[in-house]
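A.B. asks: my_file_15.cif is reproduced in full below (mmCIF, C-alpha atoms and all ligand atoms).
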data_input
loop_
_atom_site.label_atom_id
_atom_site.label_comp_id
_atom_site.auth_asym_id
_atom_site.auth_seq_id
_atom_site.Cartn_x
_atom_site.Cartn_y
_atom_site.Cartn_z
CA MET P 259 -2.60 0.95 -12.02
CA THR P 260 -0.60 4.08 -11.30
CA PHE P 261 0.41 4.78 -7.71
CA HIS P 262 1.19 8.44 -7.02
CA ILE P 263 3.19 8.71 -3.81
CA ILE P 264 3.43 12.00 -1.95
CA THR P 265 6.45 11.72 0.33
CA ILE P 266 9.42 13.74 1.52
CA PHE P 267 11.51 10.53 1.41
CA PRO P 268 11.06 8.98 -2.07
CA ASN P 269 14.43 7.17 -1.83
CA LEU P 270 12.99 4.87 0.82
CA PHE P 271 10.99 3.10 -1.92
CA GLU P 272 13.94 2.32 -4.18
CA SER P 273 15.09 -1.09 -2.98
CA TYR P 274 11.64 -2.60 -2.61
CA LEU P 275 10.46 -1.52 -6.04
CA SER P 276 13.66 -2.51 -7.82
CA ASP P 277 13.50 -6.22 -7.07
CA SER P 278 11.32 -9.31 -7.37
CA ILE P 279 7.61 -9.09 -8.23
CA MET P 280 7.29 -5.29 -7.93
CA LYS P 281 10.22 -4.82 -10.32
CA ARG P 282 8.66 -7.20 -12.85
CA ALA P 283 5.24 -5.53 -12.52
CA ILE P 284 6.84 -2.15 -13.29
CA ILE P 285 8.81 -3.51 -16.26
CA ARG P 286 5.66 -5.19 -17.62
CA LYS P 287 3.77 -1.90 -17.09
CA ASP P 288 1.14 -3.64 -14.92
CA ILE P 289 1.84 -0.89 -12.40
CA SER P 290 3.74 2.37 -12.33
CA VAL P 291 4.86 4.36 -9.31
CA LYS P 292 5.35 8.14 -9.43
CA PHE P 293 6.69 10.37 -6.68
CA TYR P 294 5.83 13.93 -5.64
CA ASN P 295 8.01 15.49 -2.95
CA PRO P 296 6.20 18.24 -0.98
CA ARG P 297 9.60 19.99 -0.72
CA ASP P 298 9.34 20.70 -4.45
CA PHE P 299 6.02 22.46 -3.87
CA THR P 300 6.86 24.82 -1.00
CA LYS P 301 6.54 28.59 -1.22
CA SER P 302 9.22 29.19 1.42
CA LYS P 303 12.87 29.95 0.68
CA HIS P 304 14.18 26.95 2.60
CA ASN P 305 11.64 24.44 1.26
CA LYS P 306 10.02 24.09 4.66
CA VAL P 307 7.44 21.29 4.85
CA ASP P 308 6.78 21.20 8.61
CA ASP P 309 6.09 23.61 11.44
CA ILE P 310 5.30 23.64 15.16
CA PRO P 311 1.80 22.56 16.21
CA TYR P 312 -0.86 25.13 17.10
CA GLY P 313 -1.83 24.63 20.73
CA GLY P 314 1.68 23.48 21.61
CA GLY P 315 3.04 19.99 22.13
CA PRO P 316 6.04 17.99 20.99
CA GLY P 317 7.15 17.37 17.42
CA MET P 318 6.40 19.06 14.15
CA VAL P 319 3.36 18.93 11.90
CA MET P 320 3.48 18.55 8.12
CA MET P 321 2.16 21.72 6.51
CA ALA P 322 -0.99 21.50 4.39
CA ASP P 323 0.09 23.82 1.55
CA PRO P 324 2.95 21.78 0.02
CA ILE P 325 0.95 18.55 0.33
CA ILE P 326 -2.09 20.03 -1.36
CA ALA P 327 0.10 21.44 -4.15
CA ALA P 328 1.76 18.02 -4.61
CA TRP P 329 -1.68 16.38 -4.63
CA LYS P 330 -2.93 18.76 -7.35
CA LYS P 331 0.09 17.86 -9.46
CA ALA P 332 -0.55 14.13 -8.96
CA ARG P 333 -4.27 14.55 -9.67
CA GLY P 334 -3.57 16.77 -12.67
CA VAL P 335 -5.90 19.56 -11.54
CA LYS P 336 -5.48 23.18 -10.53
CA ARG P 337 -8.13 23.20 -7.82
CA ARG P 338 -9.92 20.53 -5.81
CA ALA P 339 -11.30 17.98 -8.24
CA VAL P 340 -14.64 16.35 -7.87
CA ALA P 341 -14.14 12.60 -7.47
CA GLN P 342 -14.46 12.17 -11.21
CA VAL P 343 -13.77 14.95 -13.68
CA LYS P 344 -16.30 14.94 -16.56
CA GLY P 345 -15.11 12.88 -19.51
CA GLU P 346 -12.13 11.57 -17.59
CA LYS P 347 -11.28 7.92 -18.26
CA LYS P 348 -9.13 7.55 -15.17
CA ASN P 349 -10.64 6.76 -11.81
CA TYR P 350 -8.74 8.26 -8.86
CA LYS P 351 -8.69 7.50 -5.16
CA THR P 352 -6.67 9.35 -2.55
CA VAL P 353 -5.38 7.72 0.62
CA ILE P 354 -4.11 9.69 3.61
CA LEU P 355 -2.02 7.36 5.74
CA SER P 356 -2.74 7.64 9.43
CA PRO P 357 -2.51 5.23 12.38
CA GLY P 358 -6.04 6.34 13.27
CA GLY P 359 -7.52 5.57 9.84
CA LYS P 360 -9.71 2.69 8.77
CA GLU P 361 -7.95 -0.64 8.63
CA PHE P 362 -6.33 -1.70 5.36
CA THR P 363 -7.49 -5.22 4.44
CA THR P 364 -7.31 -7.66 1.53
CA ALA P 365 -10.92 -6.67 0.73
CA TYR P 366 -9.84 -3.00 0.46
CA ALA P 367 -6.91 -4.03 -1.76
CA LYS P 368 -9.15 -6.12 -4.04
CA GLN P 369 -11.75 -3.38 -4.39
CA SER P 370 -9.08 -0.75 -5.09
CA ALA P 371 -7.45 -2.88 -7.79
CA LYS P 372 -10.81 -3.37 -9.46
CA LYS P 373 -12.22 0.13 -9.16
CA TYR P 374 -9.35 2.59 -9.60
CA THR P 375 -6.80 3.36 -12.29
CA ASP P 376 -4.85 5.77 -10.07
CA ILE P 377 -4.24 5.82 -6.33
CA ILE P 378 -2.65 8.83 -4.67
CA ILE P 379 -1.06 7.96 -1.32
CA ILE P 380 -0.07 10.72 1.09
CA CYS P 381 2.69 9.74 3.54
CA GLY P 382 2.86 11.63 6.80
CA ARG P 383 5.92 12.12 9.01
CA TYR P 384 6.64 13.65 12.41
CA GLU P 385 3.43 14.28 14.41
CA GLY P 386 1.31 13.80 11.31
CA ILE P 387 -0.34 15.93 8.62
CA ASP P 388 -2.23 19.21 9.15
CA ALA P 389 -5.88 18.10 9.41
CA ARG P 390 -6.91 20.62 6.75
CA VAL P 391 -5.51 18.33 4.03
CA LYS P 392 -8.26 15.86 4.90
CA LYS P 393 -10.84 18.67 5.07
CA PHE P 394 -9.75 19.95 1.65
CA LEU P 395 -9.93 16.52 0.02
CA GLY P 396 -13.26 15.62 1.59
CA ARG P 397 -14.92 12.43 0.40
CA GLN P 398 -12.41 11.64 -2.32
CA ALA P 399 -9.85 10.67 0.33
CA ASP P 400 -9.83 7.74 2.76
CA GLU P 401 -7.77 7.85 5.94
CA VAL P 402 -6.14 4.43 6.08
CA SER P 403 -4.10 2.58 8.70
CA ILE P 404 -2.13 -0.58 7.94
CA GLY P 405 -2.39 -1.78 11.53
CA ASN P 406 -2.78 -0.94 15.17
CA TYR P 407 0.71 0.45 15.77
CA VAL P 408 2.49 3.72 15.07
CA LEU P 409 5.26 3.95 12.46
CA THR P 410 7.67 6.88 12.13
CA GLY P 411 6.26 7.67 8.70
CA GLY P 412 3.82 6.58 6.01
CA GLU P 413 6.39 5.21 3.57
CA LEU P 414 6.37 1.62 4.86
CA ALA P 415 2.58 1.72 4.95
CA ALA P 416 2.50 2.97 1.33
CA MET P 417 4.76 0.10 0.28
CA VAL P 418 2.48 -2.38 2.03
CA MET P 419 -0.47 -0.96 0.10
CA ILE P 420 1.38 -0.95 -3.24
CA ASP P 421 2.38 -4.58 -2.74
CA SER P 422 -1.00 -5.81 -1.58
CA ILE P 423 -3.03 -3.93 -4.24
CA SER P 424 -0.60 -4.88 -7.03
CA ARG P 425 -0.92 -8.61 -6.37
CA GLN P 426 -4.66 -8.22 -7.04
CA ILE P 427 -3.96 -6.92 -10.55
CA PRO P 428 -4.20 -9.65 -13.20
CA GLY P 429 -0.75 -10.64 -14.46
CA VAL P 430 1.28 -9.29 -11.55
CA LEU P 431 1.75 -12.65 -9.85
CA GLY P 432 2.51 -14.30 -13.18
CA ASN P 433 0.46 -17.40 -12.59
CA ALA P 434 -3.12 -16.58 -11.52
CA SER P 435 -3.30 -19.77 -9.45
CA SER P 436 -0.70 -18.40 -7.05
CA LEU P 437 -3.21 -15.78 -5.97
CA GLU P 438 -4.00 -17.29 -2.59
CA GLU P 439 -7.49 -15.86 -2.26
CA SER P 440 -8.71 -17.60 -5.43
CA ARG P 441 -8.25 -21.14 -4.09
CA VAL P 442 -8.28 -23.05 -0.85
CA SER P 443 -5.14 -22.00 0.93
CA SER P 444 -3.71 -22.24 4.39
CA HIS P 445 -1.17 -20.32 6.38
CA GLU P 446 0.57 -23.60 7.11
CA VAL P 447 2.60 -24.68 4.09
CA TYR P 448 5.34 -27.28 3.56
CA THR P 449 7.98 -28.12 0.97
CA ARG P 450 10.87 -30.63 0.73
CA PRO P 451 12.25 -32.49 2.60
CA GLU P 452 9.43 -34.72 3.81
CA VAL P 453 11.23 -35.19 7.13
CA LEU P 454 13.26 -32.33 8.54
CA GLU P 455 15.84 -33.36 11.13
CA GLU P 456 16.98 -30.59 13.43
CA THR P 457 18.92 -30.95 16.71
CA GLY P 458 17.88 -34.55 17.25
CA LYS P 459 14.21 -34.03 16.46
CA LYS P 460 12.19 -35.07 13.39
CA TYR P 461 9.62 -32.67 11.90
CA ARG P 462 7.28 -34.42 9.45
CA VAL P 463 4.98 -33.08 6.72
CA PRO P 464 1.34 -33.84 7.71
CA PRO P 465 0.47 -37.18 6.02
CA VAL P 466 -2.70 -35.77 4.42
CA LEU P 467 -0.57 -33.52 2.19
CA LEU P 468 1.20 -36.59 0.84
CA SER P 469 -2.04 -38.53 0.27
CA GLY P 470 -2.81 -37.20 -3.22
CA ASN P 471 -6.47 -36.86 -2.13
CA HIS P 472 -7.32 -33.27 -3.05
CA LYS P 473 -10.69 -33.28 -1.35
CA LEU P 474 -9.05 -34.22 1.95
CA ILE P 475 -6.21 -31.75 1.34
CA ASP P 476 -8.70 -28.88 0.76
CA GLU P 477 -10.58 -29.82 3.94
CA TRP P 478 -7.33 -29.89 5.92
CA ARG P 479 -6.34 -26.48 4.52
CA LYS P 480 -9.71 -24.95 5.38
CA ASP P 481 -9.21 -25.98 9.01
CA ARG P 482 -5.84 -24.27 9.30
N1 LIG P 501 0.55 11.52 16.32
C1 LIG P 501 0.26 10.92 15.06
C2 LIG P 501 -1.05 10.17 15.14
O1 LIG P 501 -1.34 9.56 16.15
O2 LIG P 501 -1.76 10.16 14.10
C3 LIG P 501 1.36 9.96 14.68
C4 LIG P 501 2.02 10.34 13.43
S1 LIG P 501 3.12 9.10 12.85
C5 LIG P 501 4.49 9.24 13.91
C6 LIG P 501 3.70 9.81 11.36
C7 LIG P 501 3.03 9.33 10.11
O3 LIG P 501 3.30 7.96 9.90
C8 LIG P 501 1.52 9.44 10.05
O4 LIG P 501 1.13 10.72 9.68
C9 LIG P 501 1.16 8.40 9.01
O5 LIG P 501 1.25 8.91 7.71
C10 LIG P 501 2.24 7.36 9.20
N2 LIG P 501 1.80 6.19 9.99
C11 LIG P 501 2.21 5.84 11.22
N3 LIG P 501 1.64 4.71 11.63
C12 LIG P 501 0.83 4.30 10.63
C13 LIG P 501 -0.05 3.21 10.46
N4 LIG P 501 -0.22 2.27 11.40
N5 LIG P 501 -0.72 3.11 9.28
C14 LIG P 501 -0.58 4.05 8.33
N6 LIG P 501 0.24 5.11 8.45
C15 LIG P 501 0.93 5.24 9.56
#
Now, as a test, write the supplied structure out as structure tokens.
Ligand code: SAM
C.D. replies:
Amino acid sequence: MTFHIITIFPNLFESYLSDSIMKRAIIRKDISVKFYNPRDFTKSKHNKVDDIPYGGGPGMVMMADPIIAAWKKARGVKRRAVAQVKGEKKNYKTVILSPGGKEFTTAYAKQSAKKYTDIIIICGRYEGIDARVKKFLGRQADEVSIGNYVLTGGELAAMVMIDSISRQIPGVLGNASSLEESRVSSHEVYTRPEVLEETGKKYRVPPVLLSGNHKLIDEWRKDR
């Protein structure tokens, strides 16, 4: 899977991608992450990527031109591509990050990992992205939100998507059995010690987890 990230702040991704599971996935070539900075695609002298909103209001709006040019570079086309270019082996999806988009879920992550070879993620900033980017991309782009709150930019949301989609790619988690969705799992998990003593109180592991009875353990986990 190749993630193509359109962002004016590519450095924000560095620490997350250079450690732990994401680092290993990149080294193993299970995933790769490429960056396209709209500033490198501006026509203006001062590499302007934002401007004041038509109709007035606070904040700045990200200009459509540099984003569309960055998208064309990521997509490897000179004009708007149809969802699938004839004879092309790759399968692309574009995501425009927006707090008003459809909710990102594990089901979306699973389907994306299965269906696409390349995902282009457009990160907004300021008051958002000129709506004509969405109009230009049409059906090949989804507007996606990672939750019902507003972030200052799309970069964190893009990292959430990279992480969640990557862990659906075979090999990324190392051991397939650690993929929670493929077995009975619960949000409530325990490890040693069996009894945790903290400020005069004892916190015990639920006895069922120590029983060795996997049928009962699965039932207990389903209820959590
Ligand atoms: N006024 C804009 C709106 O309501 O759509 C808010 C823009 S927000 C401050 C700037 C950018 O952050 C957005 O363009 C989007 O790319 C990203 N963003 C913010 N919250 C997000 C969320 N919950 N999910 C995905 N992206 C988000």
A.B. asks: Residues up to 10 Å from ligand LIG 501 (chain P), counting all atoms listed in the file: could you list those as a ChimeraX atom specification?
C.D. replies: /P:265,316-320,353-362,379-388,401-416,418-419
A.B. asks: I'd like the interatomic distance between CA of Lys351 in chain P and CA of Thr300 in chain P, to a tenth of an Å.
C.D. replies: 23.6 Å
A.B. asks: Can you work out which one of P:Val291, P:Ile279, P:Leu474, P:Ile427 has the shortest atom-to-atom distance to Gln369 in chain P, counting only C-alpha atoms?
C.D. replies: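 When distances to Gln369 in chain P are compared using only C-alpha atoms, the smallest one comes from P:Ile427.
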A.B. asks: Would you mind listing what lies within 8 Å of Tyr374 in chain P as a list of chain:residue names, with only C-alpha atoms counted and same-chain residues fewer than 5 positions away left out?
C.D. replies: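 Residues near the query, excluding close chain neighbours: P:Met259, P:Lys348, P:Asn349, P:Tyr350, P:Lys351.
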A.B. asks: Record the distance separating CA of Ser290 in chain P and CA of Lys330 in chain P, expressed in Å with one decimal.
C.D. replies: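 Interatomic distance, CA of Ser290 in chain P to CA of Lys330 in chain P: 18.4 Å.
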A.B. asks: Which residue gives the smallest distance to Ser278 in chain P among P:Gly313, P:Thr352, P:Lys460, P:Leu431, with all atoms listed in the file counted?
C.D. replies: P:Leu431
A.B. asks: Can you measure CA of Met321 in chain P to CA of Asp308 in chain P for me? One decimal in Å is fine.
C.D. replies: 5.1 Å
A.B. asks: Between P:Val453, P:Val463, P:Ile423, P:Leu468, which residue has the minimum interatomic distance to Tyr366 in chain P, considering only C-alpha atoms?
C.D. replies: P:Ile423
A.B. asks: Would you mind listing what lies within 8 Å of range 476-482 of chain P as number ranges by chain, with all atoms listed in the file counted and same-chain residues fewer than 6 positions away left out?
C.D. replies: P: 442-446, 466
A.B. asks: Pick from P:Arg337, P:Arg425, P:Lys281, P:Arg297: nearest to Ile325 in chain P, with all atoms listed in the file counted?
C.D. replies: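 With all atoms listed in the file as the atom set, the closest residue is P:Arg297.
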A.B. asks: Find the residue from P:Asp421, P:Glu455, P:Asp323, P:Asp376 that sits nearest to Lys301 in chain P; use all atoms listed in the file when measuring.
C.D. replies: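 With all atoms listed in the file as the atom set, the closest residue is P:Asp323.
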A.B. asks: Within 7 Å of Val391 in chain P, counting all atoms listed in the file, which residues qualify if same-chain residues fewer than 3 places away don't, as a count of residues only?
C.D. replies: 5
A.B. asks: Which of these, P:Gly458, P:Gly345, P:Ile264, P:Ala339, has the shortest distance to Pro324 in chain P once you count only C-alpha atoms?
C.D. replies: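 Ranking P:Gly458, P:Gly345, P:Ile264, P:Ala339 by distance to Pro324 in chain P, first place goes to P:Ile264.
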A.B. asks: Reconstruct all heavy atoms of range 321-332 of chain P from the incomplete input and present them as a CSV table (one decimal), keeping the file's coordinate frame.
C.D. replies:
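Output contents, as saved in out.csv:
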chain,number,residue,atom,x,y,z
P,321,MET,N,3.0,20.6,6.9
P,321,MET,CA,2.2,21.7,6.5
P,321,MET,C,1.2,21.3,5.4
P,321,MET,O,1.6,20.5,4.5
P,321,MET,CB,3.0,22.9,6.0
P,321,MET,CG,3.9,23.4,7.1
P,321,MET,SD,5.3,24.3,6.5
P,321,MET,CE,4.6,25.9,6.0
P,322,ALA,N,0.0,21.9,5.4
P,322,ALA,CA,-1.0,21.5,4.4
P,322,ALA,C,-0.6,22.0,3.0
P,322,ALA,O,-0.8,21.2,2.0
P,322,ALA,CB,-2.4,22.1,4.8
P,323,ASP,N,-0.1,23.2,2.9
P,323,ASP,CA,0.1,23.8,1.6
P,323,ASP,C,0.9,23.0,0.6
P,323,ASP,O,0.4,22.7,-0.5
P,323,ASP,CB,0.9,25.1,1.8
P,323,ASP,CG,0.0,26.3,1.5
P,323,ASP,OD1,-1.2,26.1,1.1
P,323,ASP,OD2,0.4,27.5,1.6
P,324,PRO,N,2.1,22.6,1.0
P,324,PRO,CA,3.0,21.8,0.0
P,324,PRO,C,2.3,20.4,-0.3
P,324,PRO,O,2.5,19.9,-1.5
P,324,PRO,CB,4.3,21.6,0.8
P,324,PRO,CG,4.3,22.5,1.9
P,324,PRO,CD,2.9,22.8,2.2
P,325,ILE,N,1.6,19.9,0.6
P,325,ILE,CA,1.0,18.6,0.3
P,325,ILE,C,-0.2,18.7,-0.7
P,325,ILE,O,-0.3,18.0,-1.6
P,325,ILE,CB,0.5,17.9,1.6
P,325,ILE,CG1,1.7,17.5,2.5
P,325,ILE,CG2,-0.4,16.6,1.4
P,325,ILE,CD1,1.4,16.8,3.8
P,326,ILE,N,-1.0,19.8,-0.4
P,326,ILE,CA,-2.1,20.0,-1.4
P,326,ILE,C,-1.6,20.3,-2.8
P,326,ILE,O,-2.1,19.9,-3.8
P,326,ILE,CB,-3.0,21.1,-0.8
P,326,ILE,CG1,-3.8,20.6,0.4
P,326,ILE,CG2,-4.0,21.6,-1.9
P,326,ILE,CD1,-4.6,21.6,1.2
P,327,ALA,N,-0.5,21.1,-2.8
P,327,ALA,CA,0.1,21.4,-4.2
P,327,ALA,C,0.6,20.2,-4.8
P,327,ALA,O,0.4,20.0,-6.0
P,327,ALA,CB,1.2,22.5,-4.0
P,328,ALA,N,1.3,19.3,-4.0
P,328,ALA,CA,1.8,18.0,-4.6
P,328,ALA,C,0.6,17.2,-5.1
P,328,ALA,O,0.6,16.5,-6.1
P,328,ALA,CB,2.6,17.3,-3.6
P,329,TRP,N,-0.5,17.2,-4.3
P,329,TRP,CA,-1.7,16.4,-4.6
P,329,TRP,C,-2.3,16.9,-5.9
P,329,TRP,O,-2.7,16.1,-6.8
P,329,TRP,CB,-2.7,16.5,-3.5
P,329,TRP,CG,-4.0,15.7,-3.8
P,329,TRP,CD1,-4.2,14.4,-3.6
P,329,TRP,CD2,-5.2,16.2,-4.4
P,329,TRP,NE1,-5.5,14.0,-4.1
P,329,TRP,CE2,-6.1,15.2,-4.6
P,329,TRP,CE3,-5.5,17.5,-4.9
P,329,TRP,CZ2,-7.3,15.3,-5.1
P,329,TRP,CZ3,-6.8,17.6,-5.5
P,329,TRP,CH2,-7.7,16.6,-5.6
P,330,LYS,N,-2.4,18.2,-6.1
P,330,LYS,CA,-2.9,18.8,-7.4
P,330,LYS,C,-2.1,18.3,-8.6
P,330,LYS,O,-2.6,18.0,-9.6
P,330,LYS,CB,-3.0,20.3,-7.3
P,330,LYS,CG,-4.1,20.8,-6.4
P,330,LYS,CD,-4.0,22.3,-6.4
P,330,LYS,CE,-5.1,22.9,-5.4
P,330,LYS,NZ,-4.8,24.4,-5.2
P,331,LYS,N,-0.8,18.3,-8.4
P,331,LYS,CA,0.1,17.9,-9.5
P,331,LYS,C,-0.2,16.4,-9.8
P,331,LYS,O,-0.3,16.0,-11.0
P,331,LYS,CB,1.6,18.0,-9.0
P,331,LYS,CG,2.6,17.6,-10.0
P,331,LYS,CD,2.7,18.6,-11.1
P,331,LYS,CE,3.7,18.2,-12.1
P,331,LYS,NZ,3.7,19.0,-13.3
P,332,ALA,N,-0.3,15.6,-8.7
P,332,ALA,CA,-0.6,14.1,-9.0
P,332,ALA,C,-1.9,13.9,-9.6
P,332,ALA,O,-2.1,13.1,-10.5
P,332,ALA,CB,-0.5,13.4,-7.6
